[in-house]
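Undergrad: My structure is stored as model.txt, with compact mmCIF, N, CA and C atoms.
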```
# COMPACT_ATOMS: atom_id res chain seq x y z
N MET A 250 92.14 120.65 96.16
CA MET A 250 93.40 120.75 96.87
C MET A 250 94.49 121.11 95.86
N GLU A 251 95.31 122.06 96.24
CA GLU A 251 96.38 122.53 95.36
C GLU A 251 97.61 121.61 95.45
N ASN A 252 98.43 121.64 94.41
CA ASN A 252 99.64 120.82 94.39
C ASN A 252 100.54 121.08 95.60
N LYS A 253 100.65 122.34 96.00
CA LYS A 253 101.49 122.69 97.14
C LYS A 253 101.03 121.97 98.40
N GLU A 254 99.73 121.93 98.61
CA GLU A 254 99.18 121.25 99.79
C GLU A 254 99.46 119.74 99.74
N ILE A 255 99.36 119.18 98.55
CA ILE A 255 99.64 117.75 98.39
C ILE A 255 101.11 117.47 98.68
N PHE A 256 102.00 118.30 98.14
CA PHE A 256 103.43 118.12 98.41
C PHE A 256 103.73 118.24 99.90
N GLU A 257 103.04 119.14 100.59
CA GLU A 257 103.23 119.30 102.03
C GLU A 257 102.81 118.05 102.80
N LYS A 258 101.86 117.30 102.26
CA LYS A 258 101.40 116.09 102.92
C LYS A 258 102.22 114.86 102.52
N ILE A 259 102.71 114.82 101.29
CA ILE A 259 103.43 113.60 100.87
C ILE A 259 104.91 113.64 101.23
N THR A 260 105.50 114.81 101.33
CA THR A 260 106.94 114.89 101.64
C THR A 260 107.27 114.20 102.96
N PRO A 261 106.53 114.44 104.06
CA PRO A 261 106.84 113.72 105.30
C PRO A 261 106.70 112.20 105.17
N ILE A 262 105.81 111.75 104.30
CA ILE A 262 105.65 110.31 104.07
C ILE A 262 106.92 109.75 103.44
N PHE A 263 107.43 110.43 102.43
CA PHE A 263 108.68 109.99 101.79
C PHE A 263 109.82 109.97 102.80
N VAL A 264 109.92 111.02 103.62
CA VAL A 264 110.99 111.11 104.63
C VAL A 264 110.88 109.95 105.62
N LYS A 265 109.68 109.68 106.08
CA LYS A 265 109.46 108.61 107.06
C LYS A 265 109.81 107.24 106.48
N VAL A 266 109.30 106.94 105.30
CA VAL A 266 109.51 105.62 104.70
C VAL A 266 110.97 105.43 104.28
N LEU A 267 111.57 106.46 103.69
CA LEU A 267 112.94 106.33 103.20
C LEU A 267 113.98 106.56 104.29
N GLU A 268 113.53 107.06 105.44
CA GLU A 268 114.38 107.30 106.60
C GLU A 268 115.52 108.28 106.34
N HIS A 269 115.27 109.24 105.48
CA HIS A 269 116.21 110.34 105.25
C HIS A 269 115.48 111.45 104.51
N ASN A 270 116.08 112.63 104.51
CA ASN A 270 115.48 113.76 103.78
C ASN A 270 116.50 114.40 102.85
N ASN A 271 117.35 113.58 102.29
CA ASN A 271 118.39 114.06 101.37
C ASN A 271 117.86 114.16 99.94
N PHE A 272 116.70 114.74 99.78
CA PHE A 272 116.11 114.88 98.45
C PHE A 272 115.14 116.04 98.46
N LYS A 273 114.81 116.51 97.28
CA LYS A 273 113.80 117.57 97.11
C LYS A 273 112.76 117.00 96.16
N LEU A 274 111.55 116.84 96.66
CA LEU A 274 110.48 116.34 95.80
C LEU A 274 110.00 117.45 94.88
N THR A 275 110.00 117.17 93.60
CA THR A 275 109.44 118.06 92.59
C THR A 275 108.55 117.23 91.69
N GLU A 276 107.87 117.86 90.79
CA GLU A 276 107.01 117.12 89.88
C GLU A 276 107.79 116.17 88.98
N THR A 277 109.07 116.45 88.76
CA THR A 277 109.86 115.60 87.87
C THR A 277 110.70 114.56 88.61
N THR A 278 110.61 114.52 89.93
CA THR A 278 111.37 113.54 90.71
C THR A 278 110.91 112.12 90.38
N THR A 279 111.88 111.22 90.18
CA THR A 279 111.59 109.81 89.91
C THR A 279 112.31 108.95 90.93
N THR A 280 112.06 107.67 90.88
CA THR A 280 112.72 106.74 91.80
C THR A 280 114.23 106.76 91.62
N ASP A 281 114.70 107.06 90.44
CA ASP A 281 116.15 107.12 90.18
C ASP A 281 116.82 108.30 90.88
N ASP A 282 116.04 109.30 91.25
CA ASP A 282 116.58 110.52 91.85
C ASP A 282 116.75 110.46 93.36
N VAL A 283 116.18 109.43 94.01
CA VAL A 283 116.15 109.40 95.47
C VAL A 283 116.74 108.08 95.97
N ASP A 284 117.79 108.18 96.78
CA ASP A 284 118.40 107.00 97.36
C ASP A 284 117.41 106.23 98.21
N GLY A 285 117.35 104.91 98.01
CA GLY A 285 116.50 104.06 98.82
C GLY A 285 115.08 103.91 98.32
N TRP A 286 114.72 104.63 97.26
CA TRP A 286 113.36 104.53 96.73
C TRP A 286 113.34 103.41 95.70
N GLY A 287 113.07 102.21 96.18
CA GLY A 287 112.99 101.04 95.33
C GLY A 287 111.58 100.51 95.28
N SER A 288 111.43 99.30 94.78
CA SER A 288 110.09 98.74 94.59
C SER A 288 109.36 98.52 95.91
N LEU A 289 110.05 98.02 96.92
CA LEU A 289 109.40 97.79 98.21
C LEU A 289 109.03 99.11 98.89
N THR A 290 109.96 100.04 98.95
CA THR A 290 109.65 101.33 99.58
C THR A 290 108.58 102.08 98.78
N HIS A 291 108.55 101.87 97.47
CA HIS A 291 107.54 102.52 96.65
C HIS A 291 106.14 102.07 97.08
N MET A 292 105.98 100.77 97.29
CA MET A 292 104.67 100.25 97.68
C MET A 292 104.28 100.74 99.08
N ILE A 293 105.27 100.88 99.96
CA ILE A 293 104.98 101.40 101.30
C ILE A 293 104.57 102.87 101.21
N ILE A 294 105.26 103.64 100.37
CA ILE A 294 104.91 105.05 100.16
C ILE A 294 103.48 105.15 99.63
N ILE A 295 103.15 104.34 98.64
CA ILE A 295 101.80 104.37 98.06
C ILE A 295 100.76 104.04 99.13
N GLU A 296 101.03 103.02 99.93
CA GLU A 296 100.09 102.63 100.99
C GLU A 296 99.89 103.77 102.00
N GLU A 297 100.98 104.42 102.38
CA GLU A 297 100.89 105.53 103.34
C GLU A 297 100.14 106.72 102.73
N ILE A 298 100.34 106.98 101.46
CA ILE A 298 99.62 108.07 100.78
C ILE A 298 98.13 107.75 100.71
N GLU A 299 97.80 106.49 100.41
CA GLU A 299 96.39 106.10 100.38
C GLU A 299 95.74 106.32 101.75
N LYS A 300 96.45 106.00 102.81
CA LYS A 300 95.92 106.23 104.17
C LYS A 300 95.75 107.72 104.45
N GLU A 301 96.78 108.50 104.10
CA GLU A 301 96.77 109.95 104.38
C GLU A 301 95.59 110.65 103.70
N PHE A 302 95.31 110.28 102.45
CA PHE A 302 94.27 110.95 101.69
C PHE A 302 92.95 110.17 101.66
N ASN A 303 92.93 109.00 102.33
CA ASN A 303 91.75 108.14 102.33
C ASN A 303 91.28 107.85 100.91
N ILE A 304 92.22 107.36 100.10
CA ILE A 304 91.94 107.03 98.70
C ILE A 304 92.49 105.63 98.42
N LYS A 305 92.16 105.10 97.26
CA LYS A 305 92.70 103.84 96.79
C LYS A 305 93.05 104.02 95.31
N PHE A 306 94.34 103.88 94.99
CA PHE A 306 94.76 104.01 93.60
C PHE A 306 94.32 102.79 92.80
N LYS A 307 93.97 103.03 91.55
CA LYS A 307 93.68 101.93 90.63
C LYS A 307 95.01 101.38 90.11
N LEU A 308 95.04 100.11 89.78
CA LEU A 308 96.25 99.48 89.28
C LEU A 308 96.77 100.23 88.05
N PHE A 309 95.87 100.63 87.16
CA PHE A 309 96.29 101.37 85.96
C PHE A 309 97.01 102.66 86.33
N ASP A 310 96.49 103.37 87.34
CA ASP A 310 97.14 104.61 87.78
C ASP A 310 98.55 104.33 88.27
N LEU A 311 98.71 103.27 89.06
CA LEU A 311 100.02 102.93 89.60
C LEU A 311 101.01 102.58 88.49
N MET A 312 100.51 101.89 87.47
CA MET A 312 101.39 101.44 86.38
C MET A 312 101.80 102.58 85.45
N THR A 313 101.04 103.67 85.45
CA THR A 313 101.32 104.76 84.52
C THR A 313 102.02 105.94 85.19
N MET A 314 102.33 105.82 86.49
CA MET A 314 103.04 106.90 87.19
C MET A 314 104.53 106.83 86.84
N ASP A 315 105.03 107.91 86.26
CA ASP A 315 106.45 107.97 85.90
C ASP A 315 107.25 108.86 86.84
N ASN A 316 106.56 109.75 87.55
CA ASN A 316 107.26 110.69 88.44
C ASN A 316 106.30 111.20 89.51
N VAL A 317 106.79 112.04 90.39
CA VAL A 317 105.98 112.56 91.48
C VAL A 317 104.83 113.41 90.94
N GLY A 318 105.03 114.09 89.84
CA GLY A 318 103.96 114.88 89.24
C GLY A 318 102.77 114.00 88.86
N ASP A 319 103.05 112.81 88.32
CA ASP A 319 101.96 111.88 87.99
C ASP A 319 101.26 111.40 89.26
N LEU A 320 102.03 111.20 90.32
CA LEU A 320 101.47 110.80 91.61
C LEU A 320 100.51 111.89 92.12
N VAL A 321 100.96 113.13 92.06
CA VAL A 321 100.14 114.25 92.53
C VAL A 321 98.85 114.35 91.70
N LYS A 322 98.95 114.20 90.38
CA LYS A 322 97.76 114.25 89.53
C LYS A 322 96.78 113.14 89.91
N SER A 323 97.32 111.97 90.17
CA SER A 323 96.45 110.84 90.55
C SER A 323 95.79 111.08 91.90
N ILE A 324 96.53 111.65 92.85
CA ILE A 324 95.94 112.00 94.14
C ILE A 324 94.80 112.98 93.93
N LYS A 325 95.04 114.03 93.14
CA LYS A 325 94.01 115.04 92.89
C LYS A 325 92.77 114.44 92.27
N SER A 326 92.96 113.55 91.31
CA SER A 326 91.78 112.96 90.65
C SER A 326 91.02 112.01 91.57
N ASN A 327 91.72 111.42 92.53
CA ASN A 327 91.06 110.51 93.47
C ASN A 327 90.34 111.23 94.60
N ILE A 328 90.76 112.44 94.94
CA ILE A 328 90.11 113.16 96.03
C ILE A 328 89.03 114.13 95.55
N SER A 329 88.96 114.35 94.25
CA SER A 329 87.95 115.30 93.75
C SER A 329 86.66 114.61 93.37
```
Would you write out, as structure tokens, the structure that this file holds?
TA:
Amino acid sequence: MENKEIFEKITPIFVKVLEHNNFKLTETTTTDDVDGWGSLTHMIIIEEIEKEFNIKFKLFDLMTMDNVGDLVKSIKSNIS
């Protein structure tokens, strides 16, 4: 699966959980860049992504994600 396809699937999840679309997800986007993306919403986003892709992130993966690009890489490694 290509990065573009992953972004197409995760963007609606971010919009739904954060209840707004006042952001542009890029590989360098972090929690500091998006209003309302805090620790609780982060865990809900992760849970929704796990459901969408039928994957389960490892704790180490979650702890080492610094931005959306790291999230996408982790999704790719979990689905391949």
Undergrad: Just want the 8 Å neighbourhood of Leu274 of chain A, counted on only N, CA and C atoms, with same-chain residues fewer than 6 positions away dropped. Output as number ranges by chain.
TA: A: 256, 260, 317-318
Undergrad: Using N, CA and C atoms, can you export the residues from the last selection as an mmCIF file, keeping the file's coordinate frame?
TA:
```cif
data_model
loop_
_atom_site.group_PDB
_atom_site.id
_atom_site.type_symbol
_atom_site.label_atom_id
_atom_site.label_comp_id
_atom_site.auth_asym_id
_atom_site.auth_seq_id
_atom_site.Cartn_x
_atom_site.Cartn_y
_atom_site.Cartn_z
ATOM 1 N N PHE A 256 102.000 118.300 98.140
ATOM 2 C CA PHE A 256 103.430 118.120 98.410
ATOM 3 C C PHE A 256 103.730 118.240 99.900
ATOM 4 N N THR A 260 105.500 114.810 101.330
ATOM 5 C CA THR A 260 106.940 114.890 101.640
ATOM 6 C C THR A 260 107.270 114.200 102.960
ATOM 7 N N VAL A 317 106.790 112.040 90.390
ATOM 8 C CA VAL A 317 105.980 112.560 91.480
ATOM 9 C C VAL A 317 104.830 113.410 90.940
ATOM 10 N N GLY A 318 105.030 114.090 89.840
ATOM 11 C CA GLY A 318 103.960 114.880 89.240
ATOM 12 C C GLY A 318 102.770 114.000 88.860
#
```
Undergrad: Could you give me, as an MDAnalysis selection string, each residue of chain A that DSSP assigns to alpha helix (DSSP H) when run on this structure's backbone?
TA: chainID A and resid 252:267 288:302 308:313 317:328
Undergrad: Measuring between only C-alpha atoms, which one of A:Glu257, A:Asp281, A:Glu251, A:Glu276 shows the shortest distance to Ile298 of chain A?
TA: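 Smallest distance to Ile298 of chain A is found for A:Glu257.
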Undergrad: Using all atoms listed in the file, which of the listed residues (A:Lys258, A:Asn252, A:Ser326, A:Val266) sits closest to Ile294 of chain A?
TA: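 Result for the nearest residue to Ile294 of chain A: A:Val266.
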Undergrad: With distances taken over all atoms listed in the file, which of A:Thr280, A:Phe263, A:Lys273, A:Glu268 is nearest to Asp315 of chain A?
TA: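 Under the stated criterion, the closest residue is A:Thr280.
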Undergrad: Within 7 Å of Lys305 of chain A, counting only N, CA and C atoms, which residues show up once you throw out same-chain ones fewer than 3 positions away? Write them as a short mmCIF file (atom, residue, chain, number, x, y, z; two decimals) with N, CA and C atoms, in the frame of the given file, please.
TA:
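See result15.cif below for the written result:
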```cif
data_model
loop_
_atom_site.label_atom_id
_atom_site.label_comp_id
_atom_site.auth_asym_id
_atom_site.auth_seq_id
_atom_site.Cartn_x
_atom_site.Cartn_y
_atom_site.Cartn_z
N GLU A 299 97.80 106.49 100.41
CA GLU A 299 96.39 106.10 100.38
C GLU A 299 95.74 106.32 101.75
N PHE A 302 95.31 110.28 102.45
CA PHE A 302 94.27 110.95 101.69
C PHE A 302 92.95 110.17 101.66
N ASN A 327 91.72 111.42 92.53
CA ASN A 327 91.06 110.51 93.47
C ASN A 327 90.34 111.23 94.60
#
```
Undergrad: Just to confirm, what's the straight-line distance from atom CA of Lys325 of chain A to atom N of Asn270 of chain A in Å (one decimal)?
TA: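 The value is 25.1 Å.
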Undergrad: Which of these residues is nearest to Met314 of chain A, using only C-alpha atoms: A:Ile255, A:Val283, A:Thr278, A:Leu267?
TA: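 So, comparing all the options, the nearest one is A:Thr278.
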Undergrad: Between atom CA of Asp284 of chain A and atom CA of Phe272 of chain A, what is the spacing in Å?
TA: 8.3 Å
Undergrad: As an exercise, work out the distance from atom N of Val321 of chain A to atom C of Gly285 of chain A in Å and give it to one decimal place.
TA: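 Pair atom N of Val321 of chain A / atom C of Gly285 of chain A returns 18.0 Å.
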Undergrad: Which residue, A:Leu308, A:Met292, A:Thr313, A:Glu301, has the smallest gap to Ile328 of chain A when you use only C-alpha atoms?
TA: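 Comparing A:Leu308, A:Met292, A:Thr313, A:Glu301 against Ile328 of chain A, the winner is A:Glu301.
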